Every structure is written in C-alpha cells, then in structure tokens.
Amino acid sequence: MATQTIQLQLSGMSCAGCAKSIEKALSGVHGVTAVNVNFANEVAAVEGDKLNSEQLVKAVKNAGYDGSVIDHQQPEDDGRQRAQQVQFYKFIAAAILSLPLLYTMVGHFSWTQGIYVPEWLMNPWVQMALATPVQFIIGWQFYKGSYTALRGGAANMDVLVALGTSAAYFYSVYLAASVGEQAAHQGLYFETSAVLITLILLGKWFEARAKGRSSAAIKQLLNLQPKQAVRERQNGETETVDVAKLEVGDIIHIKPGQQIPADSTVVSGSSAVDESMLTGESVPVDKAEGDELTGATLNKNGFLKAKVSKLGRDSALAQIVKVVEQAQNSKAPIQRLADRVSAIFVPVVLLIAVATFLVWAFWLDAGNYGQALEAFVAVLVIACPCALGLATPTSIMAGSGRAAQMGVLFKQSDVLEIAHTVTAVVLDKTGTITEGKPKLTDLEIDLKGVDGITEAQLKQAVKATEQQSEHPLAQAVVDGIEDDALEQLSDFNAHEGRGVSAQIIINEQAHTLRIGNIRLMREHDIESDAWSKRKDELEQQGKTAMLISLNSQAIGIIAVADTVRDNAKSAISKLQQRGLKVVMLTGDNQRTADAIAQQVGIEHVFAEVLPEHKADKVKELQQQGERVAMVGDGINDAPALATAEVGIAMGTGTDVALETADIALMRADLNSIHDALFVSEKTVRNIRQNLFWAFAYNTLGIPVAAAGLLAPWLAGGAMALSSVSVVLNALRLQRLPIKRRD
C-alpha cells in the first residue's frame, strides 16, 4: 500500500518540547507510521496509510496547539504574519506597563540615587496594578503552554517562564499584603516578573521574524507563480483566465516579458527563456517548437504558443517545493542528539532551580528569601532551551533553501549533513561528463580529382542522405550540417552495421554516395588507405569515424562523438582540489573511455561496465575505504545511485531524478556537484556553531545564575538574545555565494 505524506502548518509552539508533544499526539492517530515536527518552521510532516487530515488537525488541537493542512500549490497565507503582529502588540502593551516598574528598579541602585522616583510609583498596590495585566493577560500564553505541556506529560519553556515569573509575582503579593506600603522600599519583585515577560515577548517577536526569513527561498519560488494566463479558444480567439482554471492540453499564449503560466510544450514560436529561478543559471535558454517550458520561468524576447502539459502538484515547481520542504522538515542525525538533550533538560533545570532556592534560603544567606527567589527565577529563565531547539532546523532550512536557489535539491536533511564527508566521486560518462547525445565534430572533404562538384554541394548531399536514416549518428550529422539538404536523391539504402548509400543528382549528373565504415568501402572495392591514419586519430579521441565515397573514390571522412560538457574539465578540477578521488564509470570501450578521461583530467577509469554491474564498482570503492558520491542520470544508474553513500542525479528533469537520487541537480552542469558539497560543508559547520553556543550558553549561564550573579531580567534578555543569535547565524547561509561558472 502506498504511503502518503501530509504536512500541517502549526502554531502555538514555544520550544522544542512542544514539538515533542505534538509528535506524540499525532503518532496516536490511526494509520500514522512516522511523524516529524520541525520547531523552526512550525511544520509537521506526517507519513502513513489512508491518513485523514481532519483527524490529524483534531489531534494537534487536542494537544493544545493549532494546525492546518498545507496547500503546496499556494503561497503561504498570512497566518504567520498575523501571529508576528499579535506578538509585537503584546510586547508593546507589556513594555508600556513595565517601563514604570523598570524605572522604580533603577531607583534602587546606588549609582542612581539622584534620580527622582515619584512616591506613588513606589506604592506596592500601584506596582501590582501594573504587573497584573502583564502577568495574567499578556503573559497568559505561558500559562496555557505550561498546562498543555504538563497535560501531555512533558515540561517545556513555558513551564520555566510561568513558574519563574509566578514565583516573583506571588512573593511580591505576599510582601505587599503583609508589610504594606513599606514593602516597595524593602524590595518587591513585580518589576522582575513584568520586565521578564516583556523581554521574552520581544525575543519571541525577533525570533518569529527571523524564522520567517529562513523559509524565504520557498516563498520566493511560490510567489513567482503567475496568477493568470492567456488561453486560446477553439475559434482562435483568446481569453484571460486564472491559472487554476487551466487544463492539460490547453493552448496558451506567452508574450515577451511574461512569466510562463504552467509547464507546457512549445507548439509555435521561438524565444529565450530565463530559467534562473529554477536552475540558478543566469544565461537564458533558447526555446523552439517541441521544447519544454517550466511554469514560472520568464519568457524574454519572443512570442510563444504552448500546450499545457502539467498542472498543480504535478508541475516542476510544485515538485521542487515539495522536495525542499521535505528536506527542511526531516531530522538530521545531529538534531536527534539535541532532541534527546532537550527532553531531559527542563526537568533537570527545575531540580537545579529548587536546589538553588533552598541553598540560598537556608545556607548561603539564610532567611533572605528575596535573594533566594531571584537566583531561583534567574536559573529557570536562563536555562530555557529555545536556542538548542532552533540550532539545527534553522540551519537546515536556510542551507537547503539556498541550495535550491543554486539549482541543488537535497531530498533529506541527513544527506545535507553527510554529503561533504564523501571522499570519492564516481561520474557516469554518458549524460554526465558528456552531453548524452552525439554531435558532428569533424567533416573533412578532399575533392581532388572530382570535377564539377563543390564542397558545399557534397555537404548538401551528405545531409540529404543521412536524413533518410533512422540511426542516432545520422541525426547528429543532419543537425551538424548547416547547409540545406540536396533535393534530388533516390535509391537510398541502409546497410546494417556498415552505413548508408544513395543516388544523388548534382548538376544533372548522377553519382553514388556512400557513408559508412571500412567494411562498406571494401564491399565496393573502394580504396581508403589514404584516410586510414586520420580515421585512427579520430577514433583515438573517442569519436566514431565514417568514410565518405563518391562513386568509387574515397573523398572524405566524417566523425561523430558524444561531446564533453562545457566546464566539465574545470568542474572536475575543483572536485580534485577538494581532495576527492574522481572516477569515471562507463559502458564504452577502454579506448573511448580513456580518450574522454584524458580530455577532462580524470585518472581513474572503469570502462566496459554493464549497467547492472555499476553498483558493484561502487561497492569496490567502498571496500577500499572510500565514502562514495555516485553521479548519474537517475535512470539506468539507479542501482549505483542507491548503493553509494550519496546519490546525485544530473540533468534538468524533476521526475525520475527526484525519485531516484538523494540530491537532484536542476541543471546539467558538473559545477553543481561542487555547489552541493560546498553547501553541505557550510551548513554542517553552521549547525555545529549553533549547537556549541546553545550548549555553552546553558552550561555557563546556569551556574552564573545559581551563584546569584545574574538578575532575572538580565537572564530573560540573555535567553531571548541567544535564540535570536542562533537564527541570525543560520541566516548567514542564505548569503552563500553562487560560484562563478568558468
């Protein structure tokens, strides 16, 4: 039975602990086999059989959070934007109420004794009136989050914040009730709870804004989709319709400067199309009749008529977005370590905080419950593991998003984590190092001793003859000769395994033209020794050489080859400069393989390898201790791609390539392999930086707070700053340079 995946957009999470609670709730839904909740982008990816989206949303709501099914065809709604605005308004309200309390706190410092503080502001009941709305109205989200977490058998950041601020607030209420108006001069803690909530709200607002930017790459792709299209009616007239109303088979008109509304095939016209949003390549691609167009790319300078071929979730753009989101929502192995730490972190912190209070209250400063309370609150707040929960997913989101802009699609985050560790890159020759289809490379003619025929006329005759053949090499000759084909041709014959022949009329004279191998020439007693040396030279270069004879005289040679891709040599050199062992794998004979390898600078060659044995060659390298990245076309290389540590599919396809490989390269450029390894390396380094600082922050912050050296409001500011700094560090990945093509 086919497994399906449903993605839910979540809201109401405060830390990685909330993500664990939602995972637990969704796992209990019938049919669910796997759940992954990404705290950074607030998305749940649910896998299973016969999933019911309504039941999944209900499970999320029963767990105390909000959720909705993501529509991959539409740009994200403004739900997150509204949530950010609400958070901002809460912060403003809390700041207005907290500033007077902060002012009274400043008045307690010895170096601020000259600052005037109104007596009415020192009244404990006035302070309570200011702090209460902050604590129970603006800060209600922390109580709600605490209840939800504890009901689910977990403790999260909300528990720490609610517990810490409530302790400060209710202790202050106790002092105000027991001591009266003198309590403010002895030391109340209303400002501690209010300022703490205000700073945390500010940090969460900053965090929400930064997290929104981490998925900018996907939003940019989705927002590129045009909203309308010009459709041709059956009577030839046109109408403007919403893209959503298009159907497969519709004919659409695309003017210069317009975006292409949907995946389609050109039926008339020619133009250059900017596909940089899809492949990252800035050079426009020429399009003519029969060529494929991708929705959301930009038509530059010609009018096109095209037939719609794919729509909705089948479109190239939708598949790309799906793959990038799949990578962003999956968990890297390094993230699982952080999750395990977070799961036990909050209970441990609660124990440390209680121990801190008891040590201060009954030993270090016996009877000074105010000092003990400050240390207790500071420990609770400084230990919030938000930065730990954000460290990995934000880097994965930013890194995979930037890679997509480069035309590199990582299917899973674990591939993004391990790709840079490969030590050997195996390149399939055909379609990877080479273009994948033969081209005319040489056409040499010597008409010495032939009267009344020009070289141009003979080229026309060669083209006309090869046009009659169905052989792939014949098509390469036809495409490579720019002259028009000769019109007068008869008696065409295809000689299996040897070549072709035909009768041609030039200047009213009949001639027999033959194009083929040495066997064809010998069968007709045509002397070709004069061309033998040149033939050997061409074949040494990995080309297929064919002789040309007119009547009974050999007059030329023609060579066809699967040509090496532009930049292949420089791209392979870059891989070798990274210290990688580059290996070429091909089914071609050893001589052809060596010729191609010499052109591009590859020393290690596996030739004459059948498709079913390519995986064995990958295993052979692995047995030698290599970590292998296999690069192929995603179809006949599938076993080898699956065997390698990292499978990379070359080309512009988004169907088979995305299904087969771990990484799909959206442009047929070997430089993209380097880009993939480069992004992997930078992303993993960024994750390690984030995790180091997140662990270091909590490890160093807790003892400082327990020692009484950190005021609670400073702890709140530091906690908020740590989360924001982790996200901002991850966002640096969005500025990774796209390497200049040599």
# chains A, B, ... in the order shown; residues from 1 in each chain; ligands from 1
call {"tool": "residues_around", "arguments": {"residues": "Ala296 (chain A)", "least_positions_apart": "4", "cutoff": "7 Å", "atoms": "only C-alpha atoms", "output": "list in words"}}
result
Leu224, Gln225, Pro226, Gln259, Ile260, Pro261 and Ala262 of chain A
call {"tool": "write_last_selection", "arguments": {"atoms": "N, CA and C atoms", "output": "PDB file, in the first residue's frame"}}
result
ATOM      1  N   LEU A 224       6.542  33.346  -7.285  1.00  0.00           N
ATOM      2  CA  LEU A 224       6.850  33.567  -8.698  1.00  0.00           C
ATOM      3  C   LEU A 224       5.747  33.062  -9.611  1.00  0.00           C
ATOM      4  N   GLN A 225       4.872  32.216  -9.076  1.00  0.00           N
ATOM      5  CA  GLN A 225       3.818  31.660  -9.913  1.00  0.00           C
ATOM      6  C   GLN A 225       2.896  32.772 -10.415  1.00  0.00           C
ATOM      7  N   PRO A 226       2.732  32.882 -11.733  1.00  0.00           N
ATOM      8  CA  PRO A 226       1.791  33.886 -12.253  1.00  0.00           C
ATOM      9  C   PRO A 226       0.361  33.510 -11.878  1.00  0.00           C
ATOM     10  N   GLN A 259       5.704  35.841 -17.587  1.00  0.00           N
ATOM     11  CA  GLN A 259       6.048  34.558 -16.985  1.00  0.00           C
ATOM     12  C   GLN A 259       5.222  33.445 -17.626  1.00  0.00           C
ATOM     13  N   ILE A 260       5.827  32.279 -17.686  1.00  0.00           N
ATOM     14  CA  ILE A 260       5.140  31.130 -18.273  1.00  0.00           C
ATOM     15  C   ILE A 260       4.173  30.583 -17.229  1.00  0.00           C
ATOM     16  N   PRO A 261       2.868  30.522 -17.560  1.00  0.00           N
ATOM     17  CA  PRO A 261       1.858  30.192 -16.549  1.00  0.00           C
ATOM     18  C   PRO A 261       1.912  28.760 -16.028  1.00  0.00           C
ATOM     19  N   ALA A 262       2.333  27.820 -16.872  1.00  0.00           N
ATOM     20  CA  ALA A 262       2.295  26.408 -16.468  1.00  0.00           C
ATOM     21  C   ALA A 262       3.314  25.611 -17.270  1.00  0.00           C
TER      22      ALA A 262
END
call {"tool": "select_by_dssp", "arguments": {"residues": "region 303-470 of chain A", "states": "helix (DSSP H, G or I)", "output": "count of residues only"}}
result
110
call {"tool": "closest_residue", "arguments": {"among": "A:Glu496, A:Asp446, A:Glu487, A:Asp616", "to": "Glu470 (chain A)", "atoms": "only C-alpha atoms"}}
result
A:Glu496
call {"tool": "residues_around", "arguments": {"residues": "Ala131 (chain A)", "least_positions_apart": "3", "cutoff": "9 Å", "atoms": "only C-alpha atoms", "output": "compact mmCIF listing (two decimals) with N, CA, C and O atoms, in the first residue's frame"}}
result
# COMPACT_ATOMS: atom_id res chain seq x y z
N ALA A 94 3.01 45.20 26.97
CA ALA A 94 3.80 44.81 28.15
C ALA A 94 4.87 45.85 28.46
O ALA A 94 5.13 46.17 29.63
N LEU A 97 3.42 48.95 30.25
CA LEU A 97 3.12 48.68 31.66
C LEU A 97 4.38 48.41 32.49
O LEU A 97 4.42 48.67 33.70
N SER A 98 5.42 47.89 31.85
CA SER A 98 6.63 47.50 32.58
C SER A 98 7.62 48.64 32.77
O SER A 98 8.42 48.61 33.71
N LEU A 101 7.70 50.22 36.14
CA LEU A 101 8.28 49.29 37.12
C LEU A 101 9.80 49.23 36.96
O LEU A 101 10.55 49.16 37.94
N VAL A 126 0.07 50.05 43.42
CA VAL A 126 0.22 50.59 42.07
C VAL A 126 1.08 49.66 41.23
O VAL A 126 0.77 49.35 40.07
N GLN A 127 2.18 49.19 41.84
CA GLN A 127 3.05 48.26 41.11
C GLN A 127 2.31 46.97 40.77
O GLN A 127 2.47 46.42 39.67
N MET A 128 1.49 46.51 41.71
CA MET A 128 0.71 45.30 41.45
C MET A 128 -0.29 45.52 40.32
O MET A 128 -0.50 44.63 39.47
N VAL A 134 0.20 42.30 32.85
CA VAL A 134 1.34 41.69 32.15
C VAL A 134 1.43 40.21 32.49
O VAL A 134 1.65 39.35 31.63
N GLN A 135 1.22 39.90 33.78
CA GLN A 135 1.38 38.53 34.25
C GLN A 135 0.28 37.61 33.73
O GLN A 135 0.56 36.51 33.24
N PHE A 136 -0.97 38.06 33.79
CA PHE A 136 -2.09 37.13 33.57
C PHE A 136 -2.87 37.35 32.28
O PHE A 136 -3.61 36.47 31.85
N TYR A 169 5.99 37.12 41.18
CA TYR A 169 4.76 37.89 41.32
C TYR A 169 4.07 37.59 42.65
O TYR A 169 3.74 38.51 43.42
N PHE A 190 7.69 42.76 41.57
CA PHE A 190 6.73 42.92 40.47
C PHE A 190 7.45 43.26 39.17
O PHE A 190 7.10 42.80 38.09
N GLU A 191 8.49 44.13 39.30
CA GLU A 191 9.21 44.52 38.08
C GLU A 191 9.97 43.33 37.48
O GLU A 191 10.12 43.22 36.26
N SER A 193 8.99 40.10 37.38
CA SER A 193 8.09 39.28 36.58
C SER A 193 7.63 40.02 35.32
O SER A 193 7.60 39.44 34.22
N ALA A 194 7.30 41.31 35.45
CA ALA A 194 6.78 42.06 34.31
C ALA A 194 7.85 42.30 33.24
O ALA A 194 7.62 42.09 32.04
N VAL A 195 9.03 42.74 33.67
CA VAL A 195 10.10 43.01 32.71
C VAL A 195 10.56 41.71 32.05
O VAL A 195 10.88 41.67 30.86
call {"tool": "residues_around", "arguments": {"residues": "Ala730 (chain A)", "least_positions_apart": "3", "cutoff": "9 Å", "atoms": "only C-alpha atoms", "output": "PyMOL selection string"}}
result
chain A and resi 214+391-392+394-399+683+686-687+690+725-727+733-734
call {"tool": "select_by_dssp", "arguments": {"residues": "region 480-553 of chain A", "states": "strand (DSSP E)", "output": "PyMOL selection string"}}
result
chain A and resi 489-495+499-506+509-516+544-550+553
call {"tool": "atom_distance", "arguments": {"atom1": "CA of Leu736 (chain A)", "atom2": "CA of Ala403 (chain A)"}}
result
9.0 Å
call {"tool": "closest_residue", "arguments": {"among": "A:Ser532, A:Thr265, A:Thr297, A:Asn729", "to": "Lys310 (chain A)", "atoms": "only C-alpha atoms"}}
result
A:Thr265
call {"tool": "residues_around", "arguments": {"residues": "region 641-652 of chain A", "least_positions_apart": "5", "cutoff": "9 Å", "atoms": "only C-alpha atoms", "output": "VMD selection string"}}
result
chain A and resid 279 415 418 to 419 422 431 to 432 615 to 616 618 to 619 622 627 to 635 657 to 658 660 to 670 672 to 673
call {"tool": "atom_distance", "arguments": {"atom1": "CA of Thr423 (chain A)", "atom2": "CA of Leu580 (chain A)"}}
result
5.1 Å
call {"tool": "atom_distance", "arguments": {"atom1": "CA of Ile504 (chain A)", "atom2": "CA of Gly452 (chain A)"}}
result
13.7 Å
call {"tool": "closest_residue", "arguments": {"among": "A:Val381, A:Val477, A:Leu489, A:Leu621", "to": "Ile558 (chain A)", "atoms": "only C-alpha atoms"}}
result
A:Val477
call {"tool": "closest_residue", "arguments": {"among": "A:Thr104, A:Thr699, A:Ser680, A:Thr434", "to": "Val600 (chain A)", "atoms": "only C-alpha atoms"}}
result
A:Thr434
call {"tool": "closest_residue", "arguments": {"among": "A:Ala168, A:Asp263, A:Leu121, A:Ser528", "to": "Glu292 (chain A)", "atoms": "only C-alpha atoms"}}
result
A:Asp263
call {"tool": "closest_residue", "arguments": {"among": "A:Trp713, A:Tyr147, A:Tyr65, A:Phe695", "to": "Leu390 (chain A)", "atoms": "only C-alpha atoms"}}
result
A:Phe695
